[in-house]
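Reading through the structure tokens given below for one structure.
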Amino acid sequence: MDYVKPAEMAAAMSDSGVQRAQLSITDMLVRGMMSGAILGIATSLAITGSVQTGVPFVGALVFPVGFVMIVCLGLELCTGNFGILGLSFLDGRVGFAPMMRNFAWGFVGNLLGSVLYALLLVIALSNAWHTPPAGVAQKIIDIASAKTIAYEALGSAGMLTVFVKAMLCNWMVCLGVTMAMMSTSTFGKILGAWLPVFLFFAQGFEHAVVNMFVIPAGMMLGAPVSFEQWWVWNQIPVTLGNFVGGVLFISVAWYLTYRPRAQGEPARTQAPVGAAVRAR
């Protein structure tokens with residue numbers, strides 16, 4: 001059987017966090033850019049499916065294809081890493097500075113890849129800004145406005161709402177990372193990663209890397225959204241909410257209930273990551 005027991009899954013997550021903390025900046029940037037672009041492609045696919053069928057649920061069904069690719073290829077998605085490295089940190093195997101180093105460079109890579117794909121898609125949808133927005137392009141504009149201007153109009157209630165939606169989102173995203181590690185087969189990993197990510201997208205929760213694509217794309221297509229509105233009313237609170245959701249609902253939960261040392265197993269001999277990473 002290819003089923004991996006929860007305690008073994010938690011150990012594998014902790015091991016993955018150690019490995020990711022040791023990556024070079026180049027590796028994190030390249031893998032992060034690939035993740036950002038792939039998630040942007042999956043998002044545009046989901047929007048296309050929703051527009052063509054008139055059924056948003058269709059978009060939620062197809063969106064996880066991008067996340068599955070990222071998981072299977074071992075790429076760097078900052079939101080998933082919040083849960084993975086958070087567990088390694090709690091387990092005493094990764095220091096605070098190496099953890100934040102991974103988060104920061106992964107975030108930058110995700111942003112670069114997402115914006116690059118947004119630019120390329122906008123050129124394709126608008127015939128290099130020669131065709132007025134329609135169909136998928138207009139839907140992207142509407143989504144970008146809903147993710148920024150609509151929250152701003154609600155003031156503090158909007159800020160609280162976007163933060164909570166981000167927490168709920170990354171609970172499911174990091175659960176997708178977890179579920180993918182509970183199988184040793186490719187099919188098992190695909191199915192495990194698919195289910196939680198479908199849940200977050202179907203309910204309209206807020207994901208930092210998805211928004212790195214869809215909001216800039218909407219702005220390029222003519223959405224009345226400023227750079228300040230993008231970051232203040234979405235990107236910053238969503239990133240923080242994703243961090244809190246991933247660490248609180250996955251890292252802390254798995255550390256408290258599944259970490260091997262809590263079950264009397266000997267501590268793993270690998271030293272905490274710190275000095276070696278700072279020397280890179």
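In the structure tokens, chains take letters A, B, ... by order of appearance, with residues numbered from 1 within each chain and ligands from 1 in the order shown.
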
With 9 Å as the cut-off and only C-alpha atoms counted, what is the closest atom pair between each nearby residue of region 24-52 of chain A and region 213-234 of chain A? Distances in Å to one decimal, ordered by chain and number, as a tab-separated table.
residue	atom	partner	partner_atom	distance
A:Gly36	CA	A:Phe213	CA	7.8
A:Ala37	CA	A:Phe213	CA	8.1
A:Leu39	CA	A:Phe213	CA	8.2
A:Gly40	CA	A:Phe213	CA	5.5
A:Ile41	CA	A:Phe213	CA	8.9
A:Thr43	CA	A:Val214	CA	7.8
A:Ser44	CA	A:Val214	CA	8.2

Residues of region 141-199 of chain A within 10 Å of region 82-102 of chain A: nearest atom pair and distance (Å, one decimal) for each, counting only C-alpha atoms, sorted by chain and number, as a Markdown table?
| residue | atom | partner | partner_atom | distance |
| --- | --- | --- | --- | --- |
| A:Asn170 | CA | A:Gly83 | CA | 8.6 |
| A:Trp171 | CA | A:Gly83 | CA | 8.7 |
| A:Val173 | CA | A:Gly83 | CA | 9.0 |
| A:Cys174 | CA | A:Gly83 | CA | 5.7 |
| A:Leu175 | CA | A:Gly83 | CA | 8.6 |
| A:Val177 | CA | A:Ile84 | CA | 8.2 |
| A:Thr178 | CA | A:Ile84 | CA | 8.7 |

- What's the 9 Å shell around region 256-259 of chain A, counting only C-alpha atoms, without same-chain residues fewer than 4 positions away, as a PyMOL selection string? chain A and resi 6-11+14+87+91+251-252+263

- Item | Selection near region 130-137 of chain A, 8 Å with only C-alpha atoms, sequence-local residues under 5 positions removed, as a ChimeraX atom specification | /A:47-48,51,122,125,218,221

Residues from the last selection, C-alpha atoms, saved as an mmCIF file, in the first residue's frame:
data_model
loop_
_atom_site.group_PDB
_atom_site.id
_atom_site.type_symbol
_atom_site.label_atom_id
_atom_site.label_comp_id
_atom_site.auth_asym_id
_atom_site.auth_seq_id
_atom_site.Cartn_x
_atom_site.Cartn_y
_atom_site.Cartn_z
ATOM 1 C CA ILE A 47 -11.451 31.645 -15.096
ATOM 2 C CA THR A 48 -11.714 30.441 -18.706
ATOM 3 C CA VAL A 51 -16.624 32.018 -18.304
ATOM 4 C CA VAL A 122 -2.679 40.150 -21.139
ATOM 5 C CA LEU A 125 -5.979 38.299 -24.528
ATOM 6 C CA GLY A 218 -6.568 43.094 -14.134
ATOM 7 C CA LEU A 221 -6.233 45.230 -18.694
#

- Query: Using only C-alpha atoms, which residues sit within 7 Å of region 198-200 of chain A once same-chain residues fewer than 6 positions away are excluded, as a list in words?
  - Reply: Ala60, Leu61, Pro64, Cys169 and Met172 of chain A

- For Val197 (chain A), which residue out of A:Leu73, A:Ala12, A:Val65, A:Ile123 is the nearest one, using only C-alpha atoms?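 Under the stated criterion, the closest residue is A:Val65.
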
- Task: Give the answer as one residue: which of A:Gly188, A:Gly113, A:Gly80, A:Gly241 has the shortest atom-to-atom distance to Phe205 (chain A), using only C-alpha atoms?
- Result: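 Result for the nearest residue to Phe205 (chain A): A:Gly241.
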
- Message: When DSSP is applied to the backbone of this structure, which of region 75-183 of chain A are assigned helix (DSSP H, G or I)? Write them out as a PyMOL selection string.
- Response: chain A and resi 78-90+96-126+136-146+149-153+156-180

- Message: Between CA of Gly32 (chain A) and CA of Gly109 (chain A), what distance in Å does the model show, to one decimal?
- Response: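 Atom-to-atom, CA of Gly32 (chain A) to CA of Gly109 (chain A), that is 4.2 Å.
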